[in-house]
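Notes to accompany the following structure.
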Amino acid sequence: MASKPGKETQEGITVKKSENFSEWYTQAVIKSGFVDYTAVSGSLAFRPDGYFAWECVQRATDAAFKKDGIQNVYFPLLIPEKFLNKEKEHVEGFSPEVAWVTHTGKSELDERLAVRPTSETIMYDSYAKWIRSWRDLPMRYNQWNNVVRWEFKHPTPLLRSREFLWNEGHTVFATEEEANAERDAILKLYAKVLKDYLALAGVVGRKTDSEKFAGAQASYSIEHLLPDGLCVQGPDCHNDGQNFAKAFGISFIDKDGKTKYAYQNTFAISTRELGVMAATHGDDKGLVIPPMLARIQAVIVPIFNEENMEGVLTYCSLISKELGGKIRSHVDSRDSYTPGWKFNEWEMKGVPVRIEAGMRDISTEKAVVVRRDTGQKAQVELKKLGAFVEKMLEEIQTNLYEKSKKQLEENTHRVENYDALKSVVKGKGGFAQGGWCGLEDCEKKIRTELGAKICGIPLDLQKNVKGRCIVCGKPAKYIVNIARAY
RNA sequence: GGGGCUGUACGCUAACCUGGUAGACUACCAGCUUUGGGAGCUGGUCGUCCGAGUUCAAAUCUCGGCAGCCCCA
């Protein structure tokens with residue numbers, strides 16, 4: 001079937017992922033119908049496939065939270081200005097990005113209200129009232145919501161949006177040890193969601209002091225590498241220590257009768273992960289959605305003409321029956337598109353498995369099954385389709401994760417000196433991994449001279465640190481990952 | 001934070017420089033026809049980002065806003 005030139009420019013993606021990544025990325029998430037721009041800069045509409053994927057991430061994370069004893073709450077969207085000012089570093093970190101409500105109708109408010117960039121301040125004001133005794137602790141609450149951060153950098157769909165959806169875990173403990181134990185558990189929990197649902201690998205690390213969350217004592221995160229060699233922050237968990245507790249008066253009377261400030265944690269996973277997912281797994285044909293996040297896991301494309309249409313469609317409904325309730329399937333029975341057109345469309349949308357069925361298949365009681373990630377085709381007997389596709393979906397999920405992990409490993413480069421660091425950062429990108437003395441001057445030099453930053457101190461690389469700081473040559477205290485970042 | 005570019009129908013684009021009937025392709029709708037990798041025919045619907053200014057007349061010139069993109073820090 002001949003296709004007209006220009007048809008591709010209408011519907012398909014016009015650039016190669018390897019040749020123009022940022023253009024490819026935008027086209028992939030927009031043209032696939034995953035998300036779309038709206039009239040508000042940097043704020044997206046999530047279309048059904050995109051929102052379904054988020055719901056999957058949300059449900060999985062929420063179930064894991066609940067299993068771990070975390071309870072959901074909800075706090076207001078608007079935060080009084082005086083609350084934001086209570087913790088000095090916090091307000092300094094966020095004030096440039098805060099959107100304000102200043103009017104109701106035509107009258108000006110006495111005190112303007114912030115559209116939450118994060119909810120520490122309004123939540124902790126209540127926490128101070130709710131916590132009185134050691135018996136009230138630990139108090140482990142979470143909320144699912146949207147926040148607004150009016151970034152000045154150019155927005156990128158999902159990866160850098162001005163409004164995004166996330167969870168905010170805000171927990172309170174009597175002791176630092178308990179807070180630290182939770183932090184480790186949460187980081188594990190997030191890594192599992194990334195692997196099992198988003199099929200994404202990342203590096204678990206601690207942030208440097210200059211990169212840590214505004215107001216936190218220590219920040220931990222999972223950092224991803226995108227195909228363009230830039231690093232992007234994934235889920236995070238912060239040890240707030242007693243910083244917010246002191247600012248907001250979150251204290252309790254302990255078993256020994258003494259009043260003590262509590263220790264707190266904050267943790268989040270956001271819709272940015274969907275951007276990382278799209279960027280990591282997609283190819284020149286469009287998105288590749290991990291099966292666990294796919295609204296349609298298997299699309300059945302009937303091959304029919306006017307005479308055999310009814311028979312073929314009946315056969316297709318047998319197929320969907322065979323797939324059963326476990327697999328989310330859809331029969332594309334539209335008769336105004338050719339099969340080839342449909343193949344291209346579903347591939348762009350990233351549906352993990354395609355099943356083709358026509359007269360040929362009816363006569364052999366089989367169907368053609370095609371994998372989105374590898375393009376592999378197989379003829380499968382009707383009676384075996386359910387088990388076959390189920391296994392294939394599992395394999396795709398695993399394969400995507402393994403590829404993500406491999407990409408991360410292959411783009412992590414050991415560097416011993418500043419020149420090597422420079423050639424990685426200024427060249428193809430990826431993580432430059434090497435020693436750091438721990439001094440802020442060296443970190444600053446990386447930022448100002450190379451436009452890169454320390455994207456975390458990987459937790460599992462800090463035993464027996466040897467070698468020298470890549471910048472100043474003094475003995476290294478840590479092994480760090482350095483990259484340009486989103 | 002600094003600098004630059006762009007905006008015409010769902011999308012891609014012509015007319016813009018030199019002001020004067022907004023045109024093609026695609027999509028969409030109706031009908032016919034076709035269907036194993038983006039088919040074909042006929043007819044139809046839809047548009048100058050928003051606001052102001054200049055002018056007899058603005059897609060076109062000027063200013064502002066909004067939105068998108070790129071480069072530098």
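By convention here, the chains of the structure tokens are called A, B, ... in the order presented, each chain's residues are numbered starting at 1, and ligands are numbered starting at 1 in the order presented.
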Using only C-alpha atoms (C1' of nucleotides), which residues sit within 9 Å of stretch 208-211 of chain A once same-chain residues fewer than 6 positions away are excluded, as a compact mmCIF listing (two decimals) with N, CA and C atoms, in the first residue's frame?
```txt
# COMPACT_ATOMS: atom_id res chain seq x y z
N GLN A 217 17.40 18.63 56.44
CA GLN A 217 18.72 18.39 57.01
C GLN A 217 19.55 17.56 56.03
N ALA A 218 18.90 16.60 55.40
CA ALA A 218 19.57 15.78 54.38
C ALA A 218 18.53 15.31 53.37
N SER A 219 18.92 15.31 52.11
CA SER A 219 18.00 14.88 51.05
C SER A 219 18.54 13.65 50.36
N GLY A 438 34.41 16.96 49.03
CA GLY A 438 33.33 17.37 49.93
C GLY A 438 33.24 18.87 50.10
N GLU A 440 32.56 22.76 49.11
CA GLU A 440 31.60 23.42 48.25
C GLU A 440 32.27 24.15 47.09
N GLU A 443 32.51 21.91 44.17
CA GLU A 443 31.17 21.69 43.62
C GLU A 443 30.75 22.90 42.79
N LYS A 453 26.20 19.49 37.56
CA LYS A 453 26.12 19.47 39.01
C LYS A 453 26.31 18.07 39.55
N ILE A 454 26.54 18.01 40.85
CA ILE A 454 26.63 16.71 41.49
C ILE A 454 25.22 16.18 41.66
N CYS A 455 24.90 15.13 40.90
CA CYS A 455 23.54 14.59 40.91
C CYS A 455 23.43 13.47 41.93
N GLY A 456 24.05 13.65 43.06
CA GLY A 456 23.89 12.67 44.11
C GLY A 456 25.18 11.94 44.45
N ILE A 457 25.18 11.48 45.70
CA ILE A 457 26.29 10.70 46.23
C ILE A 457 25.74 9.28 46.37
```
Secondary structure check, strand (DSSP E) residues of stretch 336-412 of chain A, as a list of chain:residue names:
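Everything in stretch 336-412 of chain A that counts as strand (DSSP E) is A:Val353, A:Arg354, A:Ile355, A:Glu356, A:Ala357, A:Lys366, A:Ala367, A:Val368, A:Val369, A:Val370, A:Arg371, A:Lys377, A:Ala378, A:Gln379, A:Val380, A:Glu381, A:Thr412.
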Name the residues in contact with stretch 332-336 of chain A at a cut-off of 12 Å, using only C-alpha atoms (C1' of nucleotides), excluding same-chain residues fewer than 3 positions from it; report them as an MDAnalysis selection string.
(chainID A and resid 296 298:306 309:310 312:317 320 329 339:343 345:346 354:357) or (chainID B and resid 33:35 39)
Save the residues we just selected, C-alpha atoms (C1' of nucleotides), as a compact mmCIF listing (two decimals), in the first residue's frame?
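Now in selection-v6.txt:
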```txt
# COMPACT_ATOMS: atom_id res chain seq x y z
CA ILE A 296 -4.64 -0.99 26.56
CA ALA A 298 -3.10 -5.73 23.86
CA VAL A 299 -4.83 -4.21 20.86
CA ILE A 300 -6.57 -6.59 18.48
CA VAL A 301 -6.55 -5.38 14.87
CA PRO A 302 -8.97 -7.23 12.62
CA ILE A 303 -8.04 -7.63 8.96
CA PHE A 304 -11.31 -7.68 7.08
CA ASN A 305 -13.18 -6.69 3.95
CA GLU A 306 -16.88 -6.15 3.49
CA MET A 309 -16.04 -8.46 8.26
CA GLU A 310 -18.62 -10.12 10.47
CA VAL A 312 -13.42 -11.68 11.42
CA LEU A 313 -14.96 -9.51 14.13
CA THR A 314 -16.55 -12.58 15.70
CA TYR A 315 -13.14 -14.23 15.68
CA CYS A 316 -11.68 -11.13 17.34
CA SER A 317 -14.21 -11.30 20.14
CA SER A 320 -10.52 -11.04 23.56
CA SER A 329 -7.48 -5.61 25.59
CA PRO A 339 -4.83 -2.16 9.07
CA GLY A 340 -1.54 -0.50 8.20
CA TRP A 341 -2.83 2.84 9.42
CA LYS A 342 -3.93 1.26 12.67
CA PHE A 343 -0.58 -0.49 13.15
CA GLU A 345 -1.22 4.57 15.27
CA TRP A 346 -1.07 1.93 18.01
CA ARG A 354 -0.66 -6.09 18.97
CA ILE A 355 -2.70 -9.04 17.80
CA GLU A 356 -3.61 -9.29 14.12
CA ALA A 357 -6.45 -11.51 13.01
C1' U B 33 -15.32 2.17 -2.61
C1' U B 34 -11.23 -0.30 -0.19
C1' U B 35 -8.86 -3.17 3.97
C1' A B 39 -5.73 3.17 -0.21
```
DSSP on the backbone, alpha helix (DSSP H) only: what residues of stretch 84-266 of chain A does that give? Format it as a short mmCIF file (atom, residue, chain, number, x, y, z; two decimals) with C-alpha atoms, in the first residue's frame.
```
data_model
loop_
_atom_site.label_atom_id
_atom_site.label_comp_id
_atom_site.auth_asym_id
_atom_site.auth_seq_id
_atom_site.Cartn_x
_atom_site.Cartn_y
_atom_site.Cartn_z
CA LEU A 84 5.70 30.14 54.30
CA LYS A 88 13.99 30.59 56.63
CA GLU A 89 15.69 28.22 54.18
CA HIS A 90 12.36 26.86 53.05
CA VAL A 91 10.97 30.25 52.09
CA GLU A 92 14.21 31.28 50.41
CA GLY A 93 14.22 28.08 48.38
CA PHE A 94 10.69 28.42 47.13
CA GLU A 120 5.11 21.46 54.71
CA THR A 121 4.06 24.77 56.18
CA ILE A 122 0.31 24.35 56.22
CA MET A 123 0.50 20.74 57.32
CA TYR A 124 2.98 21.30 60.11
CA ASP A 125 0.90 24.09 61.60
CA SER A 126 -1.78 21.45 62.15
CA TYR A 127 0.71 18.81 63.19
CA ALA A 128 1.79 21.10 66.03
CA LYS A 129 -1.78 21.03 67.33
CA TRP A 130 -2.28 17.32 66.86
CA GLU A 176 16.09 10.24 64.55
CA GLU A 177 16.70 6.49 64.26
CA GLU A 178 13.06 5.84 63.43
CA ALA A 179 13.09 8.62 60.85
CA ASN A 180 16.20 7.19 59.22
CA ALA A 181 14.75 3.69 59.14
CA GLU A 182 11.64 5.00 57.41
CA ARG A 183 13.75 6.90 54.89
CA ASP A 184 15.53 3.71 53.88
CA ALA A 185 12.20 1.88 53.58
CA ILE A 186 10.65 4.63 51.47
CA LEU A 187 13.59 4.76 49.08
CA LYS A 188 13.25 1.00 48.62
CA LEU A 189 9.53 1.34 48.10
CA TYR A 190 10.00 3.97 45.40
CA ALA A 191 12.71 1.96 43.67
CA LYS A 192 10.31 -0.98 43.55
CA VAL A 193 7.53 1.12 42.00
CA ASN A 243 14.24 22.00 61.49
CA PHE A 244 10.54 22.24 60.79
CA ALA A 245 9.62 20.93 64.23
CA LYS A 246 11.39 23.91 65.79
CA ALA A 247 9.94 26.39 63.30
CA PHE A 248 6.38 25.13 63.76
#
```
I want to know what sits within 12 Å of stretch 66-72 of chain B, based on only C-alpha atoms (C1' of nucleotides), with residues of the same chain fewer than 5 positions away left out; could you give that as a PyMOL selection string?
(chain A and resi 22-23+26+37-43+154-157+451) or (chain B and resi 1-7+49-51)
Report the distance between atom CA of A:Gly234 and atom CA of A:Val480 in Å, rounded to one decimal place.
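It comes out at 16.8 Å.
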Minimum-distance residue to B:A30, chosen among B:G43, B:U18, B:G53, B:U60 (using only C-alpha atoms (C1' of nucleotides))
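Closest residue, counting only C-alpha atoms (C1' of nucleotides): B:G43.
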